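Q: mmCIF, C-alpha atoms and all ligand atoms, file model.cif:
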data_query
#
loop_
_atom_site.label_atom_id
_atom_site.label_comp_id
_atom_site.auth_asym_id
_atom_site.auth_seq_id
_atom_site.Cartn_x
_atom_site.Cartn_y
_atom_site.Cartn_z
CA MET G 1 -16.06 -22.05 3.65
CA SER G 2 -16.57 -25.80 3.55
CA ASN G 3 -19.78 -26.99 2.06
CA ASN G 4 -19.14 -30.67 2.00
CA CYS G 5 -19.76 -32.89 5.00
CA GLU G 6 -16.46 -34.74 4.63
CA ASP G 7 -14.55 -31.42 4.60
CA VAL G 8 -16.32 -30.33 7.78
CA ARG G 9 -15.63 -33.67 9.43
CA ALA G 10 -11.95 -33.46 8.45
CA ALA G 11 -11.75 -29.91 9.83
CA LEU G 12 -13.21 -31.21 13.11
CA HIS G 13 -10.61 -33.97 13.24
CA HIS G 14 -7.80 -31.53 12.57
CA GLY G 15 -9.07 -29.14 15.20
CA ASP G 16 -9.72 -26.32 12.72
CA MET G 17 -13.34 -26.52 13.82
CA PHE G 18 -14.85 -27.68 17.08
CA LEU G 19 -18.20 -28.68 18.51
CA CYS G 20 -19.88 -26.20 20.77
CA ASN G 21 -22.82 -26.47 23.09
CA ASN G 22 -26.12 -25.47 21.65
CA ASP G 23 -27.42 -22.36 23.20
CA TYR G 24 -30.06 -22.05 20.61
CA PRO G 25 -32.95 -20.53 22.53
CA LYS G 26 -35.60 -22.08 20.32
CA CYS G 27 -34.02 -25.47 19.91
CA LYS G 28 -36.03 -27.73 22.09
CA ALA G 29 -36.18 -30.60 19.62
CA ASP G 30 -34.69 -33.85 20.90
CA VAL G 31 -32.13 -33.93 18.10
CA TRP G 32 -30.27 -31.05 19.72
CA LYS G 33 -29.38 -33.30 22.62
CA LYS G 34 -27.31 -35.35 20.19
CA PHE G 35 -26.27 -32.74 17.67
CA ARG G 36 -23.90 -29.89 18.32
CA LEU G 37 -23.30 -26.70 16.41
CA ILE G 38 -19.87 -26.22 14.89
CA LYS G 39 -17.51 -23.31 15.36
CA ILE G 40 -14.54 -22.26 13.26
CA LYS G 41 -11.46 -22.06 15.44
CA ALA G 42 -9.79 -19.19 13.56
CA THR G 43 -12.76 -16.83 13.89
CA ASN G 44 -14.67 -18.41 16.79
CA GLU G 45 -17.79 -18.03 14.65
CA LEU G 46 -20.46 -20.60 13.98
CA LEU G 47 -20.20 -22.52 10.76
CA PHE G 48 -23.49 -21.38 9.30
CA GLY G 49 -26.19 -24.00 9.14
CA TRP G 50 -24.01 -26.99 10.03
CA SER G 51 -24.26 -29.36 12.95
CA ALA G 52 -22.47 -32.55 13.94
CA CYS G 53 -23.53 -35.66 15.81
CA LYS G 54 -21.55 -35.64 19.05
CA GLU G 55 -21.27 -39.41 18.98
CA CYS G 56 -20.18 -40.28 15.45
CA PHE G 57 -19.31 -36.80 14.13
CA ALA G 58 -21.57 -37.09 11.12
CA CYS G 59 -21.96 -33.53 9.81
CA LEU G 60 -25.33 -32.44 8.57
CA LYS G 61 -26.78 -29.21 7.30
CA PHE G 62 -29.99 -27.86 8.74
CA LYS G 63 -30.02 -24.54 6.90
CA ALA G 64 -28.04 -22.84 4.15
CA LYS G 65 -27.56 -19.41 2.67
CA GLN G 66 -28.75 -19.14 -0.91
CA THR G 67 -26.83 -17.13 -3.51
CA ASP G 68 -29.40 -14.33 -3.22
CA GLY G 69 -28.66 -14.08 0.51
CA SER G 70 -31.90 -15.69 1.65
CA VAL G 71 -31.77 -18.59 4.08
CA ARG G 72 -33.13 -21.95 3.16
CA LEU G 73 -34.23 -24.08 6.10
CA TYR G 74 -33.84 -27.82 5.80
CA GLY G 75 -35.32 -28.45 9.23
CA THR G 76 -34.18 -31.16 11.58
CA LYS G 77 -35.72 -34.16 9.85
CA ASN G 78 -32.40 -35.40 8.47
CA LEU G 79 -30.88 -34.94 11.92
CA ALA G 80 -33.70 -36.95 13.47
CA ASP G 81 -33.27 -39.64 10.79
CA HIS G 82 -29.60 -39.79 11.66
CA CYS G 83 -30.41 -40.33 15.35
CA LYS G 84 -32.34 -43.47 14.41
CA THR G 85 -29.39 -45.04 12.62
CA CYS G 86 -26.38 -43.49 14.36
CA SER G 87 -23.68 -46.01 15.22
CA PRO G 88 -20.46 -44.52 16.54
CA LYS G 89 -17.58 -46.35 14.86
CA GLY G 90 -15.41 -47.23 17.83
CA GLU G 91 -14.92 -43.60 18.70
CA THR G 92 -14.38 -43.49 22.41
CA GLN G 93 -15.61 -41.09 25.01
CA SER G 94 -12.16 -39.51 25.19
CA SER G 95 -12.09 -38.84 21.46
CA VAL G 96 -15.53 -37.27 21.81
CA ALA G 97 -14.26 -35.11 24.64
CA SER G 98 -11.21 -34.09 22.63
CA PHE G 99 -13.52 -32.59 20.03
CA PHE G 100 -14.68 -29.99 22.48
CA LYS G 101 -12.35 -27.07 22.53
CA LYS G 102 -10.43 -26.95 25.77
CA THR G 103 -8.25 -23.99 26.53
CA PRO G 104 -6.79 -24.50 29.99
CA GLY G 105 -5.14 -21.41 31.35
CA LYS G 106 -7.13 -19.13 29.05
CA HIS G 107 -7.87 -16.68 31.85
CA PHE G 108 -4.50 -16.86 33.54
CA THR G 109 -1.00 -15.54 33.33
CA ARG G 110 1.63 -18.09 32.41
CA GLU G 111 2.67 -18.30 36.05
CA GLU G 112 -0.87 -18.99 37.27
CA GLY G 113 -1.32 -21.63 34.58
CA LYS G 114 1.85 -23.31 35.79
CA ARG G 115 0.55 -23.32 39.35
CA VAL G 116 -2.64 -25.07 38.25
CA LYS G 117 -0.59 -27.63 36.33
CA ASP G 118 1.67 -28.20 39.34
CA ALA G 119 -1.35 -28.67 41.59
CA GLU G 120 -2.73 -31.30 39.19
CA VAL G 121 0.62 -33.11 39.17
CA ARG G 122 0.67 -33.03 42.96
CA MET G 123 -2.86 -34.41 43.14
CA VAL G 124 -1.93 -37.37 40.92
CA VAL G 125 1.33 -38.11 42.74
CA GLN G 126 0.24 -37.50 46.34
CA GLY G 127 -3.17 -39.06 45.76
CA GLY G 128 -1.56 -42.10 44.11
CA THR G 129 -4.15 -41.97 41.36
CA SER G 130 -3.92 -42.53 37.62
CA PHE G 131 -3.36 -39.77 35.08
CA MET G 132 -6.79 -40.63 33.71
CA PHE G 133 -8.33 -39.25 36.89
CA VAL G 134 -7.39 -35.75 35.73
CA ASP G 135 -9.96 -36.11 32.92
CA ASN G 136 -12.55 -37.81 35.12
CA PRO G 137 -15.94 -36.10 34.66
CA GLY G 138 -16.62 -36.46 38.40
CA LEU G 139 -13.45 -34.55 39.23
CA ARG G 140 -14.26 -31.88 36.65
CA LEU G 141 -17.75 -31.45 38.11
CA PHE G 142 -16.28 -31.27 41.59
CA ALA G 143 -13.71 -28.64 40.56
CA GLN G 144 -16.44 -26.62 38.84
CA LYS G 145 -18.52 -26.74 42.01
CA MET G 146 -15.55 -25.45 44.02
CA ILE G 147 -14.99 -22.63 41.54
CA GLN G 148 -18.67 -21.73 41.80
CA ILE G 149 -18.51 -21.68 45.60
CA GLY G 150 -15.30 -19.63 45.49
CA SER G 151 -16.95 -17.14 43.16
CA MET G 152 -19.74 -16.65 45.69
CA TYR G 153 -17.81 -16.70 48.96
CA GLY G 154 -14.26 -15.80 47.96
CA ASN G 155 -11.03 -17.54 48.85
CA LEU G 156 -12.34 -19.79 51.62
CA ASP G 157 -10.26 -22.27 53.56
CA VAL G 158 -10.82 -25.62 51.88
CA ASN G 159 -11.23 -27.25 55.32
CA ASP G 160 -14.25 -25.08 55.90
CA VAL G 161 -15.79 -26.35 52.67
CA LEU G 162 -15.07 -30.03 52.21
CA PHE G 163 -16.59 -32.83 54.26
CA GLY G 164 -14.39 -35.60 55.63
CA ARG G 165 -14.27 -39.26 54.68
CA GLU G 166 -16.72 -40.51 57.33
CA THR G 167 -19.39 -38.06 56.19
CA VAL G 168 -18.77 -38.88 52.53
CA LYS G 169 -18.88 -42.61 53.31
CA LYS G 170 -22.17 -42.21 55.16
CA SER G 171 -23.66 -40.11 52.38
CA THR G 172 -22.52 -42.65 49.79
CA PHE G 173 -24.41 -45.39 51.61
CA GLU G 174 -27.46 -43.18 51.91
CA LYS G 175 -27.27 -42.46 48.18
CA MET G 176 -26.90 -46.17 47.50
CA THR G 177 -30.00 -46.98 49.55
CA GLU G 178 -31.87 -44.27 47.68
CA CYS G 179 -30.80 -45.85 44.37
CA HIS G 180 -31.80 -49.32 45.61
CA GLU G 181 -35.27 -48.01 46.43
CA LYS G 182 -35.59 -46.37 43.04
CA ILE G 183 -34.51 -49.54 41.23
CA LYS G 184 -36.85 -51.68 43.37
CA LYS G 185 -39.74 -49.37 42.59
CA SER G 186 -39.08 -49.37 38.88
CA ILE G 187 -38.69 -53.18 38.77
CA ALA G 188 -41.87 -53.60 40.81
CA GLU G 189 -43.76 -51.44 38.30
CA CYS G 190 -42.46 -53.45 35.35
CA SER G 191 -43.09 -56.79 37.04
CA LEU G 192 -46.78 -55.94 37.34
CA ASN G 193 -46.86 -56.21 33.55
CA LYS G 194 -44.63 -59.30 33.55
CA MET G 195 -41.93 -57.34 31.72
CA VAL G 196 -38.83 -58.13 33.77
CA ALA G 197 -35.95 -60.46 32.96
CA PHE G 198 -32.65 -61.00 34.77
CA THR G 199 -29.30 -62.20 33.65
CA THR G 200 -26.09 -62.65 35.62
CA ASP G 201 -22.49 -62.06 34.73
CA LEU G 202 -19.37 -62.99 36.69
CA ALA G 203 -16.28 -60.88 36.27
CA THR G 204 -12.85 -60.79 37.91
CA ASP G 205 -10.70 -57.71 37.71
CA ASN G 206 -7.15 -58.18 36.46
CA ILE G 207 -5.36 -56.24 39.16
CA ASN G 208 -6.80 -57.16 42.55
CA HIS G 209 -8.51 -60.35 41.34
CA ASN G 210 -11.74 -59.43 43.07
CA SER G 211 -14.75 -61.22 41.66
CA TYR G 212 -18.01 -59.48 41.01
CA LEU G 213 -21.45 -60.80 40.26
CA ASP G 214 -23.46 -58.45 38.08
CA PHE G 215 -27.18 -58.60 37.65
CA THR G 216 -28.54 -57.09 34.51
CA VAL G 217 -32.24 -56.35 34.57
CA PHE G 218 -34.12 -55.71 31.39
ZN ZN Q 1 -24.20 -40.08 14.98
#
Transcribe the structure of this file into structure tokens.
Ligand SMILES: [Zn+2]

A:
Amino acid sequence: MSNNCEDVRAALHHGDMFLCNNDYPKCKADVWKKFRLIKIKATNELLFGWSACKECFACLKFKAKQTDGSVRLYGTKNLADHCKTCSPKGETQSSVASFFKKTPGKHFTREEGKRVKDAEVRMVVQGGTSFMFVDNPGLRLFAQKMIQIGSMYGNLDVNDVLFGRETVKKSTFEKMTECHEKIKKSIAECSLNKMVAFTTDLATDNINHNSYLDFTVF
């Protein structure tokens, strides 16, 4: 078993190990929002005492087994120290996501897996969207919600579940107004203490050449 942080990091990169969500019942410390436990792919067991920063993949030990079999706890201080100085080195969100083990089709027969794949291809082609959309977190959340509803109510007709564009449009505007109000309230609170500054930024997108004016408030 690896006992060196570079070995563990390399194993993560090669996919021999992967990050898993912490379901540590007692772990309420803030560091566990940033650190993930590590599993060994071959055995699907936790790599004892190791954790990795989900942003920069620094691997740190928080406990270790001694030669006499006792467990030595290092605590989470070194993890917390890491959080203060962590600077992901250009590793993108997609490379972070690729560190999480994904096993599409795990529960299916080959034929069912193919049907899911075909449906995704159809969505991209018929929807005229980019391939990136397939990995979009919003889509994944949406699909998970549909699975959840299906698990409760069975194989419903999708037209009895999904709202149409007018309703979604209306709800989007309502949500936007809600967000406006929230932002206004939070700026108003800060401005009471004279702690608000604004900056503007003009941007033009390369495809449609639409120009946007951003306001950054800090
Ligand atoms: Zn980090």

Q: Of the candidates G:Val125, G:Ala64, G:Cys86, G:Val8, which one gets nearest to ligand ZN 1 (chain Q) if we count all atoms listed in the file?

A: G:Cys86

Q: Would you work out the distance separating atom CA of Phe163 of chain G from atom CA of Glu112 of chain G, expressed in Å to one decimal?

A: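 Atom-to-atom, atom CA of Phe163 of chain G to atom CA of Glu112 of chain G, that is 27.0 Å.
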
Q: Taking all atoms listed in the file into account, which residues have an atom no farther than 8 Å from ligand ZN 1 (chain Q)? I'd like them as an NGL selection string.

A: :G and (34 or 52-58 or 82-83 or 85-88)

Q: Suppose you want the space between atom CA of Ile183 of chain G and atom CA of Arg165 of chain G; what is it in Å?

A: 26.4 Å

Q: Can you work out the spacing between atom CA of Val124 of chain G and atom CA of Pro137 of chain G in Å, to one decimal?

A: 15.4 Å

Q: Taking (-18.2, -33.3, 6.5) in the coordinates of the supplied file, I want to know which residues reach to within 12 Å of it, counting all atoms listed in the file; could you give the answer as a PyMOL selection string?

A: chain G and resi 1-13+17+38+47+50-53+56-61

Q: Could you list, as a VMD selection string, every residue within 12 Å of Phe133 of chain G, counting all atoms listed in the file and ignoring same-chain residues fewer than 6 positions away?

A: chain G and resid 120 to 121 123 to 125 127 139 to 140

Q: Skip Leu73 of chain G itself and residues of its chain fewer than 6 positions away, then list as a ChimeraX atom specification all residues within 9 Å of it, counting only C-alpha atoms.

A: /G:49,62-65

Q: Need the neighbours of (-32.7, -34.6, 21.1): which residues are at most 12 Å away, counting all atoms listed in the file, as a list in words?

A: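 Taken together, the residues in range are Asn22, Cys27, Lys28, Ala29, Asp30, Val31, Trp32, Lys33, Lys34, Phe35, Arg36, Cys53, Lys54, Thr76, Lys77, Leu79, Ala80, Asp81, His82, Cys83 and Lys84 of chain G.
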
Q: Output C-alpha atoms for every residue in that selection, as an mmCIF file, in the frame of the given file.

A:
data_model
loop_
_atom_site.group_PDB
_atom_site.id
_atom_site.type_symbol
_atom_site.label_atom_id
_atom_site.label_comp_id
_atom_site.auth_asym_id
_atom_site.auth_seq_id
_atom_site.Cartn_x
_atom_site.Cartn_y
_atom_site.Cartn_z
ATOM 1 C CA ASN G 22 -26.120 -25.470 21.650
ATOM 2 C CA CYS G 27 -34.020 -25.470 19.910
ATOM 3 C CA LYS G 28 -36.030 -27.730 22.090
ATOM 4 C CA ALA G 29 -36.180 -30.600 19.620
ATOM 5 C CA ASP G 30 -34.690 -33.850 20.900
ATOM 6 C CA VAL G 31 -32.130 -33.930 18.100
ATOM 7 C CA TRP G 32 -30.270 -31.050 19.720
ATOM 8 C CA LYS G 33 -29.380 -33.300 22.620
ATOM 9 C CA LYS G 34 -27.310 -35.350 20.190
ATOM 10 C CA PHE G 35 -26.270 -32.740 17.670
ATOM 11 C CA ARG G 36 -23.900 -29.890 18.320
ATOM 12 C CA CYS G 53 -23.530 -35.660 15.810
ATOM 13 C CA LYS G 54 -21.550 -35.640 19.050
ATOM 14 C CA THR G 76 -34.180 -31.160 11.580
ATOM 15 C CA LYS G 77 -35.720 -34.160 9.850
ATOM 16 C CA LEU G 79 -30.880 -34.940 11.920
ATOM 17 C CA ALA G 80 -33.700 -36.950 13.470
ATOM 18 C CA ASP G 81 -33.270 -39.640 10.790
ATOM 19 C CA HIS G 82 -29.600 -39.790 11.660
ATOM 20 C CA CYS G 83 -30.410 -40.330 15.350
ATOM 21 C CA LYS G 84 -32.340 -43.470 14.410
#

Q: Since the input has fewer atoms than a full residue there, write segment 129-161 of chain G out with N, CA and C atoms, as a compact mmCIF listing (two decimals), in the frame of the given file.

A:
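This went into out-v9.txt:
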# COMPACT_ATOMS: atom_id res chain seq x y z
N THR G 129 -3.09 -41.62 42.31
CA THR G 129 -4.15 -41.97 41.36
C THR G 129 -3.59 -41.99 39.94
N SER G 130 -4.41 -42.43 39.00
CA SER G 130 -3.92 -42.53 37.62
C SER G 130 -4.02 -41.17 36.93
N PHE G 131 -3.28 -41.03 35.83
CA PHE G 131 -3.36 -39.77 35.08
C PHE G 131 -4.77 -39.57 34.51
N MET G 132 -5.43 -40.71 34.27
CA MET G 132 -6.79 -40.63 33.71
C MET G 132 -7.74 -39.85 34.63
N PHE G 133 -7.46 -39.91 35.92
CA PHE G 133 -8.33 -39.25 36.89
C PHE G 133 -8.46 -37.76 36.60
N VAL G 134 -7.39 -37.19 36.05
CA VAL G 134 -7.39 -35.75 35.73
C VAL G 134 -8.54 -35.40 34.77
N ASP G 135 -8.88 -36.36 33.89
CA ASP G 135 -9.96 -36.11 32.92
C ASP G 135 -11.31 -36.65 33.41
N ASN G 136 -11.32 -37.20 34.62
CA ASN G 136 -12.55 -37.81 35.12
C ASN G 136 -13.67 -36.78 35.23
N PRO G 137 -14.84 -37.09 34.63
CA PRO G 137 -15.94 -36.10 34.66
C PRO G 137 -16.36 -35.74 36.08
N GLY G 138 -16.25 -36.73 37.01
CA GLY G 138 -16.62 -36.46 38.40
C GLY G 138 -15.70 -35.41 39.02
N LEU G 139 -14.42 -35.51 38.71
CA LEU G 139 -13.45 -34.55 39.23
C LEU G 139 -13.72 -33.17 38.63
N ARG G 140 -14.01 -33.16 37.34
CA ARG G 140 -14.26 -31.88 36.65
C ARG G 140 -15.50 -31.18 37.25
N LEU G 141 -16.53 -32.00 37.51
CA LEU G 141 -17.75 -31.45 38.11
C LEU G 141 -17.45 -30.89 39.50
N PHE G 142 -16.65 -31.67 40.24
CA PHE G 142 -16.28 -31.27 41.59
C PHE G 142 -15.52 -29.94 41.57
N ALA G 143 -14.52 -29.86 40.65
CA ALA G 143 -13.71 -28.64 40.56
C ALA G 143 -14.59 -27.45 40.18
N GLN G 144 -15.55 -27.71 39.26
CA GLN G 144 -16.44 -26.62 38.84
C GLN G 144 -17.28 -26.13 40.02
N LYS G 145 -17.73 -27.09 40.82
CA LYS G 145 -18.52 -26.74 42.01
C LYS G 145 -17.70 -25.86 42.96
N MET G 146 -16.42 -26.23 43.14
CA MET G 146 -15.55 -25.45 44.02
C MET G 146 -15.32 -24.04 43.47
N ILE G 147 -15.18 -23.95 42.16
CA ILE G 147 -14.99 -22.63 41.54
C ILE G 147 -16.24 -21.78 41.77
N GLN G 148 -17.39 -22.43 41.61
CA GLN G 148 -18.67 -21.73 41.80
C GLN G 148 -18.80 -21.22 43.25
N ILE G 149 -18.44 -22.07 44.19
CA ILE G 149 -18.51 -21.68 45.60
C ILE G 149 -17.52 -20.55 45.88
N GLY G 150 -16.31 -20.68 45.32
CA GLY G 150 -15.30 -19.63 45.49
C GLY G 150 -15.76 -18.30 44.91
N SER G 151 -16.49 -18.39 43.79
CA SER G 151 -16.95 -17.14 43.16
C SER G 151 -18.02 -16.45 44.02
N MET G 152 -18.70 -17.24 44.84
CA MET G 152 -19.74 -16.65 45.69
C MET G 152 -19.19 -16.19 47.04
N TYR G 153 -18.26 -16.99 47.59
CA TYR G 153 -17.81 -16.70 48.96
C TYR G 153 -16.36 -16.26 49.07
N GLY G 154 -15.66 -16.23 47.93
CA GLY G 154 -14.26 -15.80 47.96
C GLY G 154 -13.30 -16.94 48.27
N ASN G 155 -12.09 -16.56 48.65
CA ASN G 155 -11.03 -17.54 48.85
C ASN G 155 -11.14 -18.20 50.23
N LEU G 156 -12.09 -19.12 50.34
CA LEU G 156 -12.34 -19.79 51.62
C LEU G 156 -11.24 -20.81 51.93
N ASP G 157 -11.13 -21.17 53.18
CA ASP G 157 -10.26 -22.27 53.56
C ASP G 157 -10.95 -23.57 53.14
N VAL G 158 -10.23 -24.39 52.41
CA VAL G 158 -10.82 -25.62 51.88
C VAL G 158 -11.38 -26.51 53.01
N ASN G 159 -10.75 -26.44 54.19
CA ASN G 159 -11.23 -27.25 55.32
C ASN G 159 -12.57 -26.78 55.88
N ASP G 160 -12.93 -25.56 55.51
CA ASP G 160 -14.25 -25.08 55.90
C ASP G 160 -15.31 -25.44 54.86
N VAL G 161 -14.85 -26.03 53.75
CA VAL G 161 -15.79 -26.35 52.67
C VAL G 161 -16.02 -27.85 52.54
